[in-house]
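Okay, structure11.json is below, JSON, C-alpha atoms:
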```json
[["chain", "number", "residue", "atom", "x", "y", "z"],
["A", 1, "MET", "CA", 0.00, 0.00, 0.00],
["A", 2, "THR", "CA", 1.33, 3.45, -0.87],
["A", 3, "ASP", "CA", 1.24, 6.33, 1.54],
["A", 4, "ALA", "CA", 0.14, 9.85, 0.63],
["A", 5, "SER", "CA", 3.68, 11.19, 0.32],
["A", 6, "SER", "CA", 4.63, 8.64, -2.36],
["A", 7, "ARG", "CA", 1.46, 9.45, -4.33],
["A", 8, "ASP", "CA", 2.32, 13.16, -4.18],
["A", 9, "ASP", "CA", 5.74, 12.39, -5.63],
["A", 10, "VAL", "CA", 4.12, 10.79, -8.69],
["A", 11, "GLU", "CA", 1.60, 13.52, -9.50],
["A", 12, "PRO", "CA", 3.07, 16.34, -11.60],
["A", 13, "ALA", "CA", 2.64, 19.92, -10.55],
["A", 14, "PRO", "CA", 0.06, 21.78, -12.63],
["A", 15, "ALA", "CA", 1.57, 23.48, -15.64],
["A", 16, "PRO", "CA", 1.18, 27.21, -16.05],
["A", 17, "SER", "CA", -1.50, 28.40, -18.43],
["A", 18, "LEU", "CA", -0.26, 28.55, -21.97],
["A", 19, "PRO", "CA", -0.60, 31.62, -24.17],
["A", 20, "CYS", "CA", -3.35, 31.49, -26.77],
["A", 21, "ASP", "CA", -3.65, 32.83, -30.30],
["A", 22, "PRO", "CA", -7.13, 34.34, -30.79],
["A", 23, "ALA", "CA", -6.23, 35.35, -34.35],
["A", 24, "PHE", "CA", -5.67, 31.73, -35.52],
["A", 25, "ARG", "CA", -7.71, 30.89, -38.62],
["A", 26, "LEU", "CA", -7.68, 27.92, -40.98],
["A", 27, "PRO", "CA", -7.76, 28.54, -44.71],
["A", 28, "ALA", "CA", -10.96, 27.70, -46.54],
["A", 29, "PRO", "CA", -10.75, 24.44, -48.55],
["A", 30, "ARG", "CA", -8.71, 24.78, -51.72],
["A", 31, "ARG", "CA", -8.34, 22.48, -54.71],
["A", 32, "GLY", "CA", -5.25, 20.35, -55.22],
["A", 33, "GLU", "CA", -3.29, 17.59, -53.52],
["A", 34, "ASP", "CA", -0.54, 19.92, -52.29],
["A", 35, "GLU", "CA", -3.12, 22.32, -50.88],
["A", 36, "PHE", "CA", -4.90, 19.44, -49.16],
["A", 37, "ALA", "CA", -1.65, 18.24, -47.57],
["A", 38, "ALA", "CA", -0.73, 21.76, -46.44],
["A", 39, "ASP", "CA", -4.19, 22.46, -45.01],
["A", 40, "ALA", "CA", -4.38, 19.04, -43.31],
["A", 41, "GLU", "CA", -1.12, 19.82, -41.51],
["A", 42, "LEU", "CA", -2.82, 22.88, -39.94],
["A", 43, "ARG", "CA", -5.94, 21.01, -38.78],
["A", 44, "LEU", "CA", -5.27, 20.16, -35.14],
["A", 45, "GLY", "CA", -8.33, 17.94, -34.93],
["A", 46, "LEU", "CA", -6.82, 15.62, -37.52],
["A", 47, "HIS", "CA", -3.61, 15.25, -35.49],
["A", 48, "ILE", "CA", -5.59, 14.59, -32.31],
["A", 49, "LYS", "CA", -7.74, 12.00, -34.09],
["A", 50, "LEU", "CA", -4.72, 10.21, -35.57],
["A", 51, "ALA", "CA", -3.01, 10.09, -32.17],
["A", 52, "GLU", "CA", -6.22, 8.80, -30.54],
["A", 53, "GLN", "CA", -6.62, 6.10, -33.20],
["A", 54, "ALA", "CA", -3.02, 4.97, -32.75],
["A", 55, "MET", "CA", -3.43, 4.81, -28.97],
["A", 56, "MET", "CA", -6.76, 2.97, -29.13],
["A", 57, "SER", "CA", -5.35, 0.48, -31.64],
["A", 58, "ALA", "CA", -2.30, -0.18, -29.43],
["A", 59, "LYS", "CA", -4.49, -0.59, -26.32],
["A", 60, "ALA", "CA", -6.90, -2.90, -28.15],
["A", 61, "GLU", "CA", -3.95, -5.04, -29.21],
["A", 62, "ALA", "CA", -2.56, -5.10, -25.66],
["A", 63, "LEU", "CA", -5.97, -6.11, -24.24],
["A", 64, "ARG", "CA", -6.79, -8.77, -26.87],
["A", 65, "PRO", "CA", -5.16, -11.64, -24.89],
["A", 66, "PHE", "CA", -7.50, -10.82, -21.99],
["A", 67, "ASP", "CA", -10.63, -10.83, -24.20],
["A", 68, "LEU", "CA", -11.35, -7.23, -23.20],
["A", 69, "THR", "CA", -12.21, -4.19, -25.27],
["A", 70, "VAL", "CA", -10.80, -0.79, -24.40],
["A", 71, "ALA", "CA", -14.23, 0.30, -23.13],
["A", 72, "GLN", "CA", -14.54, -2.82, -20.94],
["A", 73, "TYR", "CA", -11.04, -2.27, -19.56],
["A", 74, "GLY", "CA", -11.80, 1.41, -18.88],
["A", 75, "ALA", "CA", -14.96, 0.55, -16.98],
["A", 76, "MET", "CA", -13.18, -2.14, -14.96],
["A", 77, "LEU", "CA", -10.29, 0.18, -14.14],
["A", 78, "SER", "CA", -12.68, 2.87, -12.96],
["A", 79, "LEU", "CA", -14.50, 0.30, -10.80],
["A", 80, "TYR", "CA", -11.21, -0.87, -9.33],
["A", 81, "TYR", "CA", -10.41, 2.67, -8.20],
["A", 82, "VAL", "CA", -13.97, 3.49, -7.09],
["A", 83, "PRO", "CA", -16.13, 0.40, -6.45],
["A", 84, "GLY", "CA", -19.89, 0.69, -6.41],
["A", 85, "GLN", "CA", -20.48, 3.23, -9.18],
["A", 86, "SER", "CA", -23.74, 3.64, -11.03],
["A", 87, "PRO", "CA", -23.77, 3.11, -14.80],
["A", 88, "SER", "CA", -24.15, 6.89, -15.25],
["A", 89, "GLN", "CA", -21.08, 7.55, -13.14],
["A", 90, "LEU", "CA", -19.14, 4.95, -15.11],
["A", 91, "ALA", "CA", -20.21, 6.42, -18.45],
["A", 92, "ARG", "CA", -18.89, 9.82, -17.37],
["A", 93, "ALA", "CA", -15.69, 8.34, -15.92],
["A", 94, "VAL", "CA", -14.77, 6.51, -19.12],
["A", 95, "ALA", "CA", -16.18, 9.12, -21.52],
["A", 96, "VAL", "CA", -18.75, 6.95, -23.28],
["A", 97, "THR", "CA", -22.49, 7.23, -23.81],
["A", 98, "PRO", "CA", -24.97, 5.65, -21.38],
["A", 99, "GLN", "CA", -25.95, 3.21, -24.15],
["A", 100, "THR", "CA", -22.33, 2.15, -24.63],
["A", 101, "ILE", "CA", -21.76, 1.62, -20.91],
["A", 102, "GLY", "CA", -24.97, -0.42, -20.73],
["A", 103, "ALA", "CA", -23.78, -2.78, -23.47],
["A", 104, "THR", "CA", -20.30, -2.87, -21.93],
["A", 105, "LEU", "CA", -21.65, -3.81, -18.51],
["A", 106, "ASP", "CA", -23.89, -6.49, -20.05],
["A", 107, "LYS", "CA", -20.82, -8.13, -21.61],
["A", 108, "LEU", "CA", -18.77, -7.84, -18.41],
["A", 109, "ALA", "CA", -21.64, -9.33, -16.37],
["A", 110, "ALA", "CA", -21.98, -12.21, -18.85],
["A", 111, "LYS", "CA", -18.29, -12.99, -18.22],
["A", 112, "SER", "CA", -18.87, -12.81, -14.43],
["A", 113, "LEU", "CA", -16.45, -9.87, -14.15],
["A", 114, "VAL", "CA", -18.92, -7.40, -12.59],
["A", 115, "THR", "CA", -22.07, -7.51, -10.49],
["A", 116, "ARG", "CA", -24.96, -5.04, -10.51],
["A", 117, "LYS", "CA", -27.03, -4.64, -7.37],
["A", 118, "PRO", "CA", -29.61, -2.10, -6.23],
["A", 119, "SER", "CA", -28.12, 0.83, -4.32],
["A", 120, "LYS", "CA", -28.75, 0.94, -0.57],
["A", 121, "LEU", "CA", -29.66, 4.63, -0.95],
["A", 122, "HIS", "CA", -31.78, 4.51, -4.11],
["A", 123, "ARG", "CA", -33.47, 1.20, -4.92],
["A", 124, "LYS", "CA", -33.96, 2.12, -8.58],
["A", 125, "VAL", "CA", -30.24, 2.82, -9.09],
["A", 126, "LEU", "CA", -27.93, -0.11, -9.73],
["A", 127, "VAL", "CA", -24.37, 0.00, -8.45],
["A", 128, "VAL", "CA", -21.65, -1.91, -10.22],
["A", 129, "THR", "CA", -18.68, -3.63, -8.61],
["A", 130, "LEU", "CA", -15.95, -5.91, -9.86],
["A", 131, "THR", "CA", -16.12, -9.55, -8.87],
["A", 132, "SER", "CA", -12.95, -11.15, -7.48],
["A", 133, "LYS", "CA", -12.49, -12.73, -10.93],
["A", 134, "GLY", "CA", -12.88, -9.26, -12.47],
["A", 135, "GLU", "CA", -10.29, -7.76, -10.11],
["A", 136, "ARG", "CA", -7.75, -10.47, -10.94],
["A", 137, "LEU", "CA", -8.28, -10.03, -14.67],
["A", 138, "LEU", "CA", -8.11, -6.24, -14.40],
["A", 139, "ILE", "CA", -4.75, -6.36, -12.60],
["A", 140, "GLU", "CA", -3.31, -8.59, -15.35],
["A", 141, "ALA", "CA", -4.84, -6.54, -18.18],
["A", 142, "ASP", "CA", -3.72, -3.26, -16.64],
["A", 143, "ALA", "CA", -0.09, -4.37, -16.67],
["A", 144, "ALA", "CA", -0.39, -4.79, -20.46],
["A", 145, "ALA", "CA", -2.38, -1.58, -21.00],
["A", 146, "ARG", "CA", 0.08, 0.46, -18.93],
["A", 147, "THR", "CA", 2.85, -0.48, -21.36],
["A", 148, "VAL", "CA", 0.99, 1.52, -24.04],
["A", 149, "GLU", "CA", 0.82, 4.59, -21.79],
["A", 150, "GLU", "CA", 4.48, 4.13, -20.88],
["A", 151, "ARG", "CA", 5.45, 4.00, -24.58],
["A", 152, "ILE", "CA", 3.73, 7.35, -25.03],
["A", 153, "GLY", "CA", 5.30, 8.76, -21.88],
["A", 154, "ARG", "CA", 8.83, 7.73, -22.86],
["A", 155, "ALA", "CA", 8.53, 9.81, -26.04],
["A", 156, "PHE", "CA", 8.55, 12.98, -23.91],
["A", 157, "SER", "CA", 10.60, 14.52, -21.12],
["A", 158, "ALA", "CA", 8.89, 14.99, -17.73],
["A", 159, "ASP", "CA", 8.29, 18.68, -18.52],
["A", 160, "GLU", "CA", 6.93, 17.83, -21.96],
["A", 161, "ARG", "CA", 4.48, 15.31, -20.43],
["A", 162, "VAL", "CA", 3.17, 18.02, -18.09],
["A", 163, "GLN", "CA", 2.91, 20.44, -21.01],
["A", 164, "LEU", "CA", 1.16, 17.84, -23.20],
["A", 165, "CYS", "CA", -1.46, 17.25, -20.50],
["A", 166, "GLU", "CA", -2.00, 21.01, -20.21],
["A", 167, "LEU", "CA", -2.31, 21.34, -23.98],
["A", 168, "LEU", "CA", -4.86, 18.52, -24.13],
["A", 169, "ARG", "CA", -6.84, 20.15, -21.29],
["A", 170, "CYS", "CA", -6.80, 23.35, -23.36],
["A", 171, "VAL", "CA", -8.24, 21.41, -26.31],
["A", 172, "GLY", "CA", -11.11, 20.18, -24.14],
["A", 173, "ALA", "CA", -11.71, 23.63, -22.67],
["A", 174, "ALA", "CA", -11.67, 25.30, -26.09],
["A", 175, "LEU", "CA", -14.28, 22.86, -27.38],
["A", 176, "GLU", "CA", -16.53, 23.39, -24.37],
["A", 177, "GLU", "CA", -16.74, 27.12, -25.14],
["A", 178, "SER", "CA", -19.87, 28.04, -27.06],
["A", 179, "ASP", "CA", -18.65, 31.14, -28.86],
["A", 180, "LEU", "CA", -19.45, 30.16, -32.44],
["A", 181, "PRO", "CA", -19.37, 33.10, -34.81],
["A", 182, "ALA", "CA", -22.86, 34.37, -35.56],
["A", 183, "ASN", "CA", -22.59, 33.47, -39.26],
["A", 184, "VAL", "CA", -21.77, 29.82, -38.40],
["A", 185, "ALA", "CA", -24.54, 29.50, -35.82],
["A", 186, "THR", "CA", -27.19, 30.80, -38.23],
["A", 187, "LEU", "CA", -26.13, 28.97, -41.41],
["A", 188, "LYS", "CA", -28.92, 27.08, -43.06],
["A", 189, "SER", "CA", -28.60, 24.00, -45.23],
["A", 190, "ASP", "CA", -28.09, 24.53, -48.93],
["A", 191, "PRO", "CA", -31.43, 23.78, -50.62],
["A", 192, "ASP", "CA", -29.52, 21.96, -53.38],
["A", 193, "ASP", "CA", -28.18, 19.34, -50.90]]
```
What would the structure in this file look like if it were written as structure tokens?
Amino acid sequence: MTDASSRDDVEPAPAPSLPCDPAFRLPAPRRGEDEFAADAELRLGLHIKLAEQAMMSAKAEALRPFDLTVAQYGAMLSLYYVPGQSPSQLARAVAVTPQTIGATLDKLAAKSLVTRKPSKLHRKVLVVTLTSKGERLLIEADAAARTVEERIGRAFSADERVQLCELLRCVGAALEESDLPANVATLKSDPDD
């Protein structure tokens, strides 16, 4: 068991806020392969998507020997840290839809890896916990999944890892803002579509 001081040593200090560029604009689509390549290089969403796909593919491969999907592993890991979560809590924790978590939990229950029981506080709410079989499998699967995260982490210095986390938080925060330009918010579909 780790004490609080050793956990504090592992957690990085928050990075300072990074400067932003409110004048940043992407060019409108242009014709031509060279133009496409140049414009694609500027589209941050594409780079984020490619990195996510590479990570998800590597994690799926690491989890295949355990007969777990990335979503199943994510739910089990969350339940290991915080047993007795509701499906809604789990969906938020692993960033999936309620429908996805429902299907995920059905598959985990069919494998006897989780149990769902009515909450002691709210009879209509089910709480989910790992079974002992689920805990054992999670520990084994996590060792494999962590190697993927470690491969990513080794590509950066400690300061770069902190900065990367801050940059990714900025991506999330920027997308949560609802300051669409008026002309984008009021666009109507082209009647010729």
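What separates atom CA of A:Lys59 from atom CA of A:Ala143 is a distance of 11.3 Å.
Within 10 Å of stretch 128-135 of chain A, once all atoms listed in the file are used and residues closer than 5 positions along the same chain are dropped, the contacting residues are Ala75, Met76, Leu77, Ser78, Leu79, Tyr80, Val82, Pro83, Gly84, Gln85, Ser86, Pro87, Gln89, Leu90, Leu105, Leu108, Ala109, Lys111, Ser112, Leu113, Val114, Thr115, Arg116, Lys117, Pro118, Ser119, Glu140 and Ala141 of chain A.
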Put those residues in a file: C-alpha atoms, as an mmCIF file, keeping the file's coordinate frame.
```cif
data_model
loop_
_atom_site.group_PDB
_atom_site.id
_atom_site.type_symbol
_atom_site.label_atom_id
_atom_site.label_comp_id
_atom_site.auth_asym_id
_atom_site.auth_seq_id
_atom_site.Cartn_x
_atom_site.Cartn_y
_atom_site.Cartn_z
ATOM 1 C CA ALA A 75 -14.960 0.550 -16.980
ATOM 2 C CA MET A 76 -13.180 -2.140 -14.960
ATOM 3 C CA LEU A 77 -10.290 0.180 -14.140
ATOM 4 C CA SER A 78 -12.680 2.870 -12.960
ATOM 5 C CA LEU A 79 -14.500 0.300 -10.800
ATOM 6 C CA TYR A 80 -11.210 -0.870 -9.330
ATOM 7 C CA VAL A 82 -13.970 3.490 -7.090
ATOM 8 C CA PRO A 83 -16.130 0.400 -6.450
ATOM 9 C CA GLY A 84 -19.890 0.690 -6.410
ATOM 10 C CA GLN A 85 -20.480 3.230 -9.180
ATOM 11 C CA SER A 86 -23.740 3.640 -11.030
ATOM 12 C CA PRO A 87 -23.770 3.110 -14.800
ATOM 13 C CA GLN A 89 -21.080 7.550 -13.140
ATOM 14 C CA LEU A 90 -19.140 4.950 -15.110
ATOM 15 C CA LEU A 105 -21.650 -3.810 -18.510
ATOM 16 C CA LEU A 108 -18.770 -7.840 -18.410
ATOM 17 C CA ALA A 109 -21.640 -9.330 -16.370
ATOM 18 C CA LYS A 111 -18.290 -12.990 -18.220
ATOM 19 C CA SER A 112 -18.870 -12.810 -14.430
ATOM 20 C CA LEU A 113 -16.450 -9.870 -14.150
ATOM 21 C CA VAL A 114 -18.920 -7.400 -12.590
ATOM 22 C CA THR A 115 -22.070 -7.510 -10.490
ATOM 23 C CA ARG A 116 -24.960 -5.040 -10.510
ATOM 24 C CA LYS A 117 -27.030 -4.640 -7.370
ATOM 25 C CA PRO A 118 -29.610 -2.100 -6.230
ATOM 26 C CA SER A 119 -28.120 0.830 -4.320
ATOM 27 C CA GLU A 140 -3.310 -8.590 -15.350
ATOM 28 C CA ALA A 141 -4.840 -6.540 -18.180
#
```
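In this model, the gap between atom CA of A:Val70 and atom CA of A:Ala145 comes to 9.1 Å.
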- Query: Distance atom CA of A:Met55-atom CA of A:Ala103, one decimal place?
  - Reply: 22.4 Å
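Distances from A:Asp159, A:Glu176, A:Glu150, A:Asp142 to A:Tyr73 were compared using all atoms listed in the file, and the smallest one belongs to A:Asp142.
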Complete stretch 25-39 of chain A with N, CA, C and O atoms (output as a compact mmCIF listing (two decimals), in the coordinates of the input).
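Contents of rebuild38.txt, as written:
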```
# COMPACT_ATOMS: atom_id res chain seq x y z
N ARG A 25 -6.65 31.24 -37.67
CA ARG A 25 -7.71 30.89 -38.62
C ARG A 25 -7.17 29.85 -39.59
O ARG A 25 -6.02 29.90 -40.01
N LEU A 26 -8.02 28.91 -39.95
CA LEU A 26 -7.68 27.92 -40.98
C LEU A 26 -8.09 28.46 -42.34
O LEU A 26 -9.11 29.15 -42.46
N PRO A 27 -7.33 28.12 -43.38
CA PRO A 27 -7.76 28.54 -44.71
C PRO A 27 -9.00 27.77 -45.14
O PRO A 27 -9.22 26.63 -44.71
N ALA A 28 -9.80 28.39 -45.96
CA ALA A 28 -10.96 27.70 -46.54
C ALA A 28 -10.43 26.59 -47.45
O ALA A 28 -9.30 26.66 -47.94
N PRO A 29 -11.21 25.53 -47.67
CA PRO A 29 -10.75 24.44 -48.55
C PRO A 29 -10.34 24.97 -49.92
O PRO A 29 -10.98 25.85 -50.48
N ARG A 30 -9.24 24.41 -50.40
CA ARG A 30 -8.71 24.78 -51.72
C ARG A 30 -8.54 23.51 -52.53
O ARG A 30 -8.42 22.44 -51.99
N ARG A 31 -8.50 23.64 -53.83
CA ARG A 31 -8.34 22.48 -54.71
C ARG A 31 -6.87 22.13 -54.87
O ARG A 31 -6.01 23.00 -54.89
N GLY A 32 -6.59 20.81 -54.94
CA GLY A 32 -5.25 20.35 -55.22
C GLY A 32 -4.68 19.50 -54.10
O GLY A 32 -4.97 19.71 -52.93
N GLU A 33 -3.88 18.50 -54.50
CA GLU A 33 -3.29 17.59 -53.52
C GLU A 33 -2.32 18.30 -52.59
O GLU A 33 -2.30 18.04 -51.38
N ASP A 34 -1.49 19.20 -53.14
CA ASP A 34 -0.54 19.92 -52.29
C ASP A 34 -1.27 20.82 -51.30
O ASP A 34 -0.87 20.93 -50.14
N GLU A 35 -2.33 21.45 -51.76
CA GLU A 35 -3.12 22.32 -50.88
C GLU A 35 -3.78 21.50 -49.78
O GLU A 35 -3.82 21.91 -48.61
N PHE A 36 -4.29 20.32 -50.16
CA PHE A 36 -4.90 19.44 -49.16
C PHE A 36 -3.88 19.05 -48.10
O PHE A 36 -4.16 19.11 -46.90
N ALA A 37 -2.69 18.64 -48.52
CA ALA A 37 -1.65 18.24 -47.57
C ALA A 37 -1.26 19.40 -46.67
O ALA A 37 -1.11 19.22 -45.45
N ALA A 38 -1.11 20.59 -47.24
CA ALA A 38 -0.73 21.76 -46.44
C ALA A 38 -1.83 22.12 -45.45
O ALA A 38 -1.55 22.41 -44.28
N ASP A 39 -3.08 22.11 -45.90
CA ASP A 39 -4.19 22.46 -45.01
C ASP A 39 -4.39 21.40 -43.93
O ASP A 39 -4.68 21.73 -42.78
```
